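query_15.cif follows (mmCIF, C-alpha atoms and all ligand atoms):
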```cif
data_target
loop_
_atom_site.label_atom_id
_atom_site.label_comp_id
_atom_site.auth_asym_id
_atom_site.auth_seq_id
_atom_site.Cartn_x
_atom_site.Cartn_y
_atom_site.Cartn_z
CA MET M 1 -4.59 -19.97 -6.59
CA SER M 2 -6.23 -17.66 -9.10
CA LYS M 3 -4.18 -15.56 -11.47
CA PRO M 4 -2.67 -12.38 -10.08
CA VAL M 5 -4.42 -9.09 -10.85
CA ILE M 6 -1.13 -7.21 -10.81
CA GLU M 7 2.29 -8.73 -11.50
CA VAL M 8 5.42 -6.74 -10.76
CA ARG M 9 8.70 -8.15 -12.08
CA ASP M 10 12.20 -6.84 -11.47
CA LEU M 11 10.91 -3.30 -11.19
CA ARG M 12 13.60 -0.64 -11.19
CA LYS M 13 13.32 3.10 -10.82
CA THR M 14 16.12 5.59 -11.13
CA PHE M 15 15.44 9.23 -10.31
CA SER M 16 17.58 11.95 -11.80
CA ILE M 17 18.18 14.58 -9.21
CA GLY M 18 19.24 17.92 -10.61
CA GLY M 19 22.27 19.18 -8.69
CA GLY M 20 23.49 22.77 -9.08
CA PHE M 21 25.60 23.85 -12.07
CA GLY M 22 23.92 21.39 -14.40
CA LYS M 23 25.09 18.37 -12.44
CA VAL M 24 22.59 15.56 -12.50
CA GLU M 25 22.82 12.71 -10.06
CA GLN M 26 21.15 9.37 -10.44
CA PHE M 27 19.44 7.73 -7.53
CA GLU M 28 18.25 4.14 -7.70
CA ALA M 29 15.08 4.16 -5.61
CA LEU M 30 13.91 0.67 -6.64
CA ARG M 31 16.41 -2.07 -7.37
CA GLY M 32 14.52 -5.06 -8.70
CA ILE M 33 11.15 -5.38 -6.95
CA SER M 34 8.90 -8.36 -7.73
CA PHE M 35 5.51 -9.33 -6.28
CA ASN M 36 1.96 -10.32 -7.19
CA LEU M 37 -1.35 -8.84 -6.05
CA TYR M 38 -4.45 -11.04 -6.02
CA ALA M 39 -8.17 -10.28 -5.87
CA GLY M 40 -9.51 -10.63 -2.33
CA ARG M 41 -6.06 -10.69 -0.74
CA THR M 42 -3.69 -8.20 0.86
CA LEU M 43 0.05 -7.89 0.41
CA ALA M 44 1.78 -5.69 2.98
CA LEU M 45 4.80 -3.71 1.84
CA VAL M 46 6.71 -2.96 5.01
CA GLY M 47 9.86 -0.94 5.53
CA GLU M 48 11.44 2.16 6.95
CA SER M 49 11.10 5.68 5.64
CA GLY M 50 12.72 6.22 2.24
CA CYS M 51 13.02 2.54 1.28
CA GLY M 52 10.78 3.08 -1.76
CA LYS M 53 7.28 1.99 -0.72
CA SER M 54 5.42 5.01 -2.05
CA THR M 55 7.49 4.95 -5.22
CA VAL M 56 6.12 1.46 -5.90
CA ALA M 57 2.56 2.74 -5.41
CA ARG M 58 3.17 5.79 -7.59
CA ILE M 59 4.50 3.61 -10.38
CA LEU M 60 1.52 1.28 -10.07
CA THR M 61 -0.85 4.25 -10.51
CA LYS M 62 1.19 5.61 -13.42
CA VAL M 63 2.23 8.78 -11.62
CA HIS M 64 5.85 7.89 -12.38
CA PRO M 65 7.04 5.83 -15.34
CA TYR M 66 9.38 3.03 -14.40
CA THR M 67 12.95 2.63 -15.59
CA SER M 68 12.90 -1.10 -16.32
CA GLY M 69 11.09 -4.29 -15.43
CA GLU M 70 7.42 -5.10 -15.87
CA VAL M 71 4.14 -4.12 -14.27
CA LYS M 72 1.22 -6.08 -15.64
CA TYR M 73 -2.45 -5.51 -14.93
CA HIS M 74 -4.52 -8.52 -16.02
CA GLY M 75 -1.59 -9.52 -18.18
CA GLN M 76 -1.13 -6.18 -19.92
CA ASP M 77 1.91 -4.04 -19.26
CA ILE M 78 0.73 -0.70 -17.85
CA ALA M 79 3.46 1.12 -19.78
CA GLU M 80 1.45 0.27 -22.89
CA LEU M 81 -1.62 2.13 -21.61
CA LYS M 82 -1.13 5.42 -23.39
CA ARG M 83 -4.51 6.67 -24.59
CA ARG M 84 -6.28 8.97 -22.14
CA SER M 85 -9.32 6.73 -22.05
CA GLU M 86 -7.19 3.69 -21.24
CA ILE M 87 -5.34 5.47 -18.47
CA LYS M 88 -8.60 6.76 -17.03
CA ALA M 89 -10.11 3.29 -17.02
CA TYR M 90 -6.99 1.83 -15.42
CA ARG M 91 -6.89 4.52 -12.74
CA SER M 92 -10.49 3.90 -11.80
CA GLU M 93 -9.68 0.24 -11.20
CA VAL M 94 -6.37 0.78 -9.42
CA GLN M 95 -6.81 3.53 -6.84
CA MET M 96 -4.63 4.97 -4.16
CA VAL M 97 -5.68 5.85 -0.61
CA PHE M 98 -3.26 8.08 1.26
CA GLN M 99 -1.95 8.53 4.74
CA ASP M 100 -3.48 11.93 5.38
CA PRO M 101 -7.24 11.47 5.19
CA PHE M 102 -7.76 15.25 5.26
CA GLY M 103 -5.32 16.13 2.51
CA SER M 104 -7.35 14.42 -0.17
CA LEU M 105 -10.66 16.11 0.76
CA ASN M 106 -11.55 19.68 -0.17
CA PRO M 107 -12.75 21.56 2.94
CA THR M 108 -15.28 23.62 0.97
CA HIS M 109 -17.24 20.66 -0.37
CA THR M 110 -19.62 18.21 1.26
CA ILE M 111 -18.91 14.51 1.45
CA ALA M 112 -21.72 13.95 -1.07
CA HIS M 113 -19.86 16.18 -3.53
CA HIS M 114 -16.63 14.24 -3.02
CA LEU M 115 -18.31 10.94 -3.74
CA LYS M 116 -20.51 12.18 -6.58
CA ARG M 117 -17.88 13.76 -8.79
CA PRO M 118 -15.76 10.65 -9.43
CA LEU M 119 -18.93 8.61 -9.93
CA LEU M 120 -19.89 10.89 -12.80
CA ILE M 121 -16.39 11.29 -14.21
CA HIS M 122 -15.91 7.54 -14.31
CA LYS M 123 -19.51 7.00 -15.46
CA GLN M 124 -20.35 4.60 -12.65
CA VAL M 125 -24.02 5.70 -12.48
CA PRO M 126 -26.58 7.07 -14.92
CA ASN M 127 -26.55 10.85 -14.72
CA ASN M 128 -29.86 11.28 -12.89
CA GLU M 129 -30.36 12.44 -9.34
CA ALA M 130 -32.29 9.39 -8.10
CA ALA M 131 -29.65 6.94 -9.31
CA ILE M 132 -26.86 9.08 -7.88
CA GLN M 133 -28.55 9.37 -4.48
CA GLU M 134 -29.12 5.65 -4.36
CA LYS M 135 -25.48 4.96 -5.14
CA LEU M 136 -24.28 7.48 -2.54
CA GLN M 137 -26.42 5.81 0.13
CA GLU M 138 -25.08 2.42 -0.88
CA LEU M 139 -21.47 3.63 -0.66
CA ILE M 140 -21.87 5.36 2.67
CA GLN M 141 -23.48 2.25 4.14
CA MET M 142 -20.76 0.05 2.77
CA VAL M 143 -18.13 1.98 4.72
CA GLU M 144 -20.31 1.99 7.84
CA LEU M 145 -20.95 5.72 8.04
CA ALA M 146 -24.27 7.31 9.03
CA PRO M 147 -26.40 8.50 6.07
CA ASP M 148 -26.27 12.14 7.27
CA THR M 149 -22.47 12.05 6.76
CA LEU M 150 -23.19 12.91 3.12
CA GLU M 151 -24.32 16.43 4.06
CA LYS M 152 -21.29 17.09 6.24
CA TYR M 153 -18.02 18.82 5.44
CA PRO M 154 -14.63 17.11 5.90
CA HIS M 155 -13.77 19.11 9.07
CA GLN M 156 -16.92 17.78 10.73
CA LEU M 157 -15.60 14.24 10.54
CA SER M 158 -12.97 12.39 12.53
CA GLY M 159 -9.80 11.15 10.85
CA GLY M 160 -11.17 7.61 10.78
CA GLN M 161 -14.44 8.78 9.22
CA ARG M 162 -12.55 10.74 6.59
CA GLN M 163 -10.49 7.69 5.73
CA ARG M 164 -13.77 5.76 5.31
CA VAL M 165 -14.90 8.46 2.87
CA ASN M 166 -11.70 7.94 0.89
CA LEU M 167 -12.33 4.20 0.79
CA ALA M 168 -15.94 4.85 -0.30
CA ARG M 169 -14.63 7.04 -3.09
CA ALA M 170 -12.37 4.25 -4.31
CA LEU M 171 -15.29 1.82 -4.24
CA GLY M 172 -17.48 4.33 -6.05
CA VAL M 173 -15.26 4.44 -9.09
CA GLY M 174 -15.18 0.67 -9.29
CA SER M 175 -11.74 -0.08 -7.84
CA LYS M 176 -10.53 -3.62 -8.10
CA VAL M 177 -7.19 -2.90 -6.47
CA ILE M 178 -6.52 -0.39 -3.69
CA LEU M 179 -3.02 0.81 -2.91
CA ALA M 180 -3.33 1.99 0.67
CA ASP M 181 -0.28 4.08 1.57
CA GLU M 182 -0.10 4.11 5.37
CA PRO M 183 -3.86 4.64 5.58
CA THR M 184 -4.03 4.36 9.35
CA SER M 185 -0.73 5.80 10.51
CA MET M 186 -2.19 9.25 11.22
CA LEU M 187 -5.21 7.85 13.00
CA ASP M 188 -5.66 7.50 16.69
CA VAL M 189 -5.02 3.96 17.89
CA SER M 190 -8.64 3.68 19.02
CA ILE M 191 -10.05 4.18 15.53
CA ARG M 192 -7.27 2.46 13.60
CA LEU M 193 -8.73 -0.98 14.09
CA GLY M 194 -12.11 0.09 12.71
CA VAL M 195 -10.53 1.21 9.43
CA LEU M 196 -8.42 -1.96 9.21
CA ASN M 197 -11.56 -4.04 9.79
CA LEU M 198 -13.35 -2.16 7.05
CA MET M 199 -10.50 -2.91 4.65
CA GLN M 200 -10.77 -6.57 5.66
CA ARG M 201 -14.46 -6.55 4.79
CA MET M 202 -13.84 -4.85 1.44
CA LYS M 203 -11.31 -7.56 0.68
CA LYS M 204 -13.49 -10.47 1.71
CA GLU M 205 -16.92 -9.29 0.61
CA LEU M 206 -16.04 -7.30 -2.50
CA GLY M 207 -12.91 -9.15 -3.58
CA ILE M 208 -10.75 -6.01 -3.61
CA GLY M 209 -7.02 -6.69 -3.83
CA PHE M 210 -4.98 -4.54 -1.45
CA LEU M 211 -1.40 -3.37 -1.36
CA TYR M 212 -1.05 -2.22 2.21
CA ILE M 213 1.95 0.05 2.76
CA THR M 214 3.15 0.46 6.32
CA HIS M 215 6.09 0.86 8.69
CA ASP M 216 4.50 -1.51 11.05
CA LEU M 217 4.53 -5.30 10.94
CA ALA M 218 1.81 -5.54 13.59
CA THR M 219 -0.89 -3.97 11.43
CA ALA M 220 0.49 -5.88 8.46
CA HIS M 221 -0.19 -9.08 10.33
CA TYR M 222 -3.68 -7.91 11.11
CA ILE M 223 -4.78 -7.59 7.51
CA ALA M 224 -2.21 -9.05 5.13
CA GLU M 225 -1.89 -12.73 4.27
CA GLU M 226 1.48 -11.99 2.69
CA THR M 227 4.22 -9.51 3.50
CA ALA M 228 7.21 -8.15 1.62
CA VAL M 229 9.84 -6.46 3.77
CA MET M 230 11.59 -3.68 1.86
CA TYR M 231 15.01 -2.28 2.55
CA ARG M 232 16.78 0.30 0.36
CA GLY M 233 14.81 -0.35 -2.78
CA GLN M 234 14.83 -4.14 -2.55
CA ILE M 235 12.64 -6.76 -0.98
CA VAL M 236 14.75 -8.58 1.61
CA GLU M 237 12.22 -11.07 2.96
CA TRP M 238 8.84 -12.13 1.65
CA GLY M 239 6.10 -14.70 2.03
CA ASP M 240 3.32 -15.61 4.49
CA THR M 241 3.03 -12.89 7.09
CA ALA M 242 2.58 -15.43 9.87
CA GLN M 243 5.72 -17.33 8.83
CA ILE M 244 7.80 -14.17 8.65
CA LEU M 245 6.68 -13.17 12.13
CA ALA M 246 7.18 -16.62 13.59
CA ASN M 247 10.58 -17.14 12.02
CA PRO M 248 12.14 -13.88 10.82
CA GLN M 249 15.46 -14.43 9.03
CA HIS M 250 16.82 -11.14 7.80
CA PRO M 251 18.36 -8.89 10.46
CA TYR M 252 16.34 -6.00 9.10
CA THR M 253 13.07 -7.92 9.56
CA LYS M 254 14.10 -8.68 13.13
CA LEU M 255 14.75 -5.00 13.63
CA LEU M 256 11.27 -4.12 12.41
CA ILE M 257 9.76 -6.67 14.76
CA SER M 258 11.63 -5.17 17.66
CA SER M 259 10.28 -1.67 17.06
CA VAL M 260 7.48 -0.99 19.49
CA PRO M 261 4.39 -2.81 18.29
CA ASP M 262 0.91 -1.40 18.23
CA PRO M 263 -0.45 -1.90 21.75
CA ASP M 264 -3.89 -2.69 20.38
CA LEU M 265 -2.91 -5.66 18.32
CA PRO M 266 -2.10 -9.05 19.82
CA PHE M 267 1.32 -9.02 18.27
CA GLU M 268 3.78 -10.46 20.72
CA ASN M 269 1.83 -13.71 21.09
CA LEU M 270 2.56 -14.40 17.43
CA LEU M 271 6.28 -14.30 17.83
CA SER M 272 8.15 -17.41 18.79
CA GLU M 273 10.80 -15.33 20.52
CA ALA M 274 10.36 -12.12 22.46
CA PRO M 275 11.40 -9.12 20.32
CA ASN M 276 14.89 -7.91 21.06
CA PHE M 277 14.30 -4.26 21.85
CA THR M 278 18.00 -3.51 22.28
CA GLN M 279 19.01 -4.10 18.66
CA ASP M 280 21.31 -1.50 17.23
CA ALA M 281 19.62 -0.16 14.10
CA ASP M 282 22.80 1.39 12.68
CA LYS M 283 24.70 -1.85 13.01
CA ILE M 284 21.97 -3.76 11.27
CA ARG M 285 21.86 -1.25 8.43
CA GLU M 286 25.60 -1.58 8.03
CA PHE M 287 25.33 -5.34 8.12
CA SER M 288 22.52 -5.37 5.56
CA GLY M 289 24.50 -3.04 3.37
CA ILE M 290 25.20 -5.27 0.42
CA LEU M 291 22.23 -7.27 -0.68
CA GLN M 292 22.76 -10.06 -3.11
CA GLU M 293 20.71 -11.11 -6.06
CA THR M 294 20.46 -14.58 -4.57
CA TYR M 295 17.88 -15.66 -2.04
CA HIS M 296 16.96 -18.83 -0.22
CA GLN M 297 13.74 -20.52 0.72
CA VAL M 298 12.97 -20.75 4.42
CA GLY M 299 9.49 -22.29 4.41
CA ASP M 300 6.59 -23.16 2.19
CA ASN M 301 5.97 -19.58 1.22
CA HIS M 302 8.82 -17.74 2.91
CA PHE M 303 11.97 -16.42 1.21
CA VAL M 304 14.90 -14.31 2.27
CA ARG M 305 17.46 -12.45 0.21
CA ASN M 306 21.10 -13.15 1.05
CA TRP M 307 23.17 -10.31 2.37
CA GLU M 308 26.69 -9.31 3.28
CA LYS M 309 28.21 -6.80 5.60
CA ALA M 310 28.92 -3.53 3.82
CA ALA M 311 32.55 -3.11 2.83
N1 LIG M 401 10.35 12.39 -7.51
C1 LIG M 401 11.48 12.02 -6.89
N2 LIG M 401 12.68 12.49 -7.27
C2 LIG M 401 13.81 12.11 -6.67
N3 LIG M 401 13.87 11.23 -5.66
C3 LIG M 401 12.72 10.72 -5.21
C4 LIG M 401 11.46 11.07 -5.80
N4 LIG M 401 10.49 10.40 -5.15
C5 LIG M 401 11.10 9.66 -4.20
N5 LIG M 401 12.45 9.85 -4.24
C6 LIG M 401 13.43 9.18 -3.36
O1 LIG M 401 13.25 7.79 -3.45
C7 LIG M 401 13.39 7.19 -2.18
C8 LIG M 401 12.12 6.42 -1.83
O2 LIG M 401 11.07 7.33 -1.58
P1 LIG M 401 9.62 6.85 -1.18
O3 LIG M 401 8.74 8.04 -1.08
O4 LIG M 401 9.20 5.77 -2.10
O5 LIG M 401 9.89 6.24 0.28
P2 LIG M 401 8.87 5.57 1.31
O6 LIG M 401 9.35 4.20 1.57
O7 LIG M 401 7.48 5.74 0.83
O8 LIG M 401 9.14 6.46 2.62
P3 LIG M 401 8.10 6.98 3.74
O9 LIG M 401 7.89 5.81 4.65
O10 LIG M 401 8.85 8.07 4.41
O11 LIG M 401 6.84 7.44 3.07
C9 LIG M 401 13.70 8.31 -1.20
O12 LIG M 401 15.09 8.34 -1.00
C10 LIG M 401 13.21 9.54 -1.91
O13 LIG M 401 13.98 10.66 -1.54
MG MG M 402 5.85 6.82 1.57
#
```
What do you get writing this file as structure tokens?
Amino acid sequence: MSKPVIEVRDLRKTFSIGGGFGKVEQFEALRGISFNLYAGRTLALVGESGCGKSTVARILTKVHPYTSGEVKYHGQDIAELKRRSEIKAYRSEVQMVFQDPFGSLNPTHTIAHHLKRPLLIHKQVPNNEAAIQEKLQELIQMVELAPDTLEKYPHQLSGGQRQRVNLARALGVGSKVILADEPTSMLDVSIRLGVLNLMQRMKKELGIGFLYITHDLATAHYIAEETAVMYRGQIVEWGDTAQILANPQHPYTKLLISSVPDPDLPFENLLSEAPNFTQDADKIREFSGILQETYHQVGDNHFVRNWEKAA
């Protein structure tokens, strides 16, 4: 396999939360996360609310500094990128796409405006109108939107179309890696697949590396070769998505599988056993309470962290 584009090693993040009366509490949001991202592949980061998924993405885009560990982009630690020009270049190559496709678009500007600005800021086209128009047409076609979309305003588009605009914007600035933070969770089921398929194409045809953040193992299976299941700031099970689905080991992974899958995706056929919909989530959380540093190998590319019942 080729070299990873991004390498994350033993990443830890502690937030200081200011309590009243000068009291400051420490909260360990990430407790030793490791993974690789490759060009033309997708890693899904799956886990329940608050487990630290977005914190990983925010660290990768240098919104938050990290407390310890390593995050390397093409072999260079991103903590060493300090000059404005370096950070700008890095951020154009490693872009985030968010859950709310409307939130990131300004209602008073056309789609053309949204795509044009970053092109110019990141100097992706010569600053002349013909070149810009050509690039805008190319981008809009790439994300399978009609050419007249450029003249429209965000409110004139559907959620799925707006998410395509956000993906076009990432392509426009020359992204090599896209961190997609629940990009389809606010979309109607009927248009979700279209956006997932577009991400698949971007991966295969343009070699984009994706980190796909989701609550949902079914969509993870649809687009991610590999999956990392996160629980309370750690990765509890990781490896080939198909192997994890066929042979889940960690009780928390089994719990995720048993949450109602997306009706549109042929999910249940992938499982060797029918999901157990009666699992008690609180019991499993209690049981998964103390995670150990040790892990064991289940299959070729399938690992699970050892755990103990909370004291
Ligand atoms: N800036 C911050 N200061 C303090 N705590 C934070 C900060 N950002 C996140 N946290 C905490 O870190 C934990 C992980 O948050 P994060 O947003 O990464 O979760 P998530 O997995 O993305 O959840 P969701 O699925 O709800 O988006 C949460 O307990 C959150 O309250
Ligand atoms: Mg989040």
Check: In Å, with one decimal, what is the gap from CA of Asn247 in chain M to CA of Met230 in chain M?
Finding: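 CA of Asn247 in chain M sits 16.9 Å away from CA of Met230 in chain M.
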Item checked: All residues 10 Å or closer to Leu136 in chain M, all atoms listed in the file, same chain fewer than 5 positions away omitted, as a list in words ->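 Listed by chain and then number, they are Ile111, Ala112, His113, Leu115, Lys116, Leu119, Ala130, Ala131, Gln141, Met142, Pro147, Leu150, Ala168, Arg169 and Gly172 of chain M.
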Note to self: Residues near His155 in chain M, anyone? I mean within 12 Å using all atoms listed in the file, not counting same-chain ones fewer than 5 positions away, as a PyMOL selection string.
What the structure shows: chain M and resi 101-103+105-111+149+160-162
Next item on the list: Give the answer as one residue: which of M:Lys53, M:Lys3, M:Arg305, M:Arg41 has the shortest atom-to-atom distance to ligand MG 402 (chain M), using all atoms listed in the file?
Entry: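 For ligand MG 402 (chain M), the nearest of the given residues is M:Lys53.
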Item checked: Test item: residues lying within 6 Å of ligand LIG 401 (chain M) with only C-alpha atoms and all ligand atoms, as a list in words -> Phe15, Ile17, Ala29, Glu48, Ser49, Gly50, Cys51, Gly52, Lys53, Ser54 and Thr55 of chain M
Next item on the list: Go ahead and compute the interatomic distance for CA of Glu25 in chain M and CA of Ile59 in chain M, in Å to one decimal.
Entry: 20.5 Å
Check: Between M:Leu245, M:Ile6, M:Ile121, M:Ala57, which one has atoms that come closest to ligand MG 402 (chain M), using only C-alpha atoms and all ligand atoms?
Finding: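 Closest to ligand MG 402 (chain M), using only C-alpha atoms and all ligand atoms: M:Ala57.
Remark: for Tyr66 in chain M, the closest of the candidate residues M:Lys13, M:His296, M:His302, M:Lys176 is M:Lys13 (distances computed over only C-alpha atoms).
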Notebook entry, point to check: Rounded to one decimal in Å, what is the spacing between CA of Phe27 in chain M and CA of Gly239 in chain M?
Noted result: 27.8 Å
Next item on the list: Point out the residue among M:Arg31, M:His215, M:Arg117, M:Arg83 with the least atom-to-atom distance to ligand MG 402 (chain M), counting only C-alpha atoms and all ligand atoms.
Entry: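 Among the listed residues, the smallest separation from ligand MG 402 (chain M) belongs to M:His215.
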Note to self: Neighbouring residues of Gly207 in chain M were defined as those with any atom within 12 Å, considering only C-alpha atoms; residues of the same chain fewer than 2 positions away were excluded. Please report them as a ChimeraX atom specification.
What the structure shows: /M:5,37-42,171,174-178,199-205,209-210
Next item on the list: Check the smallest atom-to-atom distance from each of M:Gln76, M:Thr278, M:Gln234, M:Asn127 to Trp307 in chain M using all atoms listed in the file, then report the winner.
Entry: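 When distances to Trp307 in chain M are compared using all atoms listed in the file, the smallest one comes from M:Gln234.
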Check: In terms of the shortest atom-to-atom distance over only C-alpha atoms, which of M:Ala44, M:Leu120, M:Leu60, M:Leu167 is closest to Lys135 in chain M?
Finding: M:Leu120
Note to self: Could you list, as a ChimeraX atom specification, every residue within 6 Å of Gly32 in chain M, counting only C-alpha atoms and ignoring same-chain residues fewer than 3 positions away?
What the structure shows: /M:10-12
Checklist line | Test item: residues at most 10 Å from Val304 in chain M, all atoms listed in the file, excluding those fewer than 5 positions along its chain, as a VMD selection string | finding: chain M and resid 228 to 229 235 to 239 244 248 to 250 253 294 to 299
Axis-aligned box for all listed atoms of range 51-58 of chain M, 4 Å per side, centre and edges in Å to one decimal, as AutoDock Vina command-line options:
```
--center_x 7.8 --center_y 3.6 --center_z -3.2 --size_x 18.5 --size_y 12.3 --size_z 16.9
```
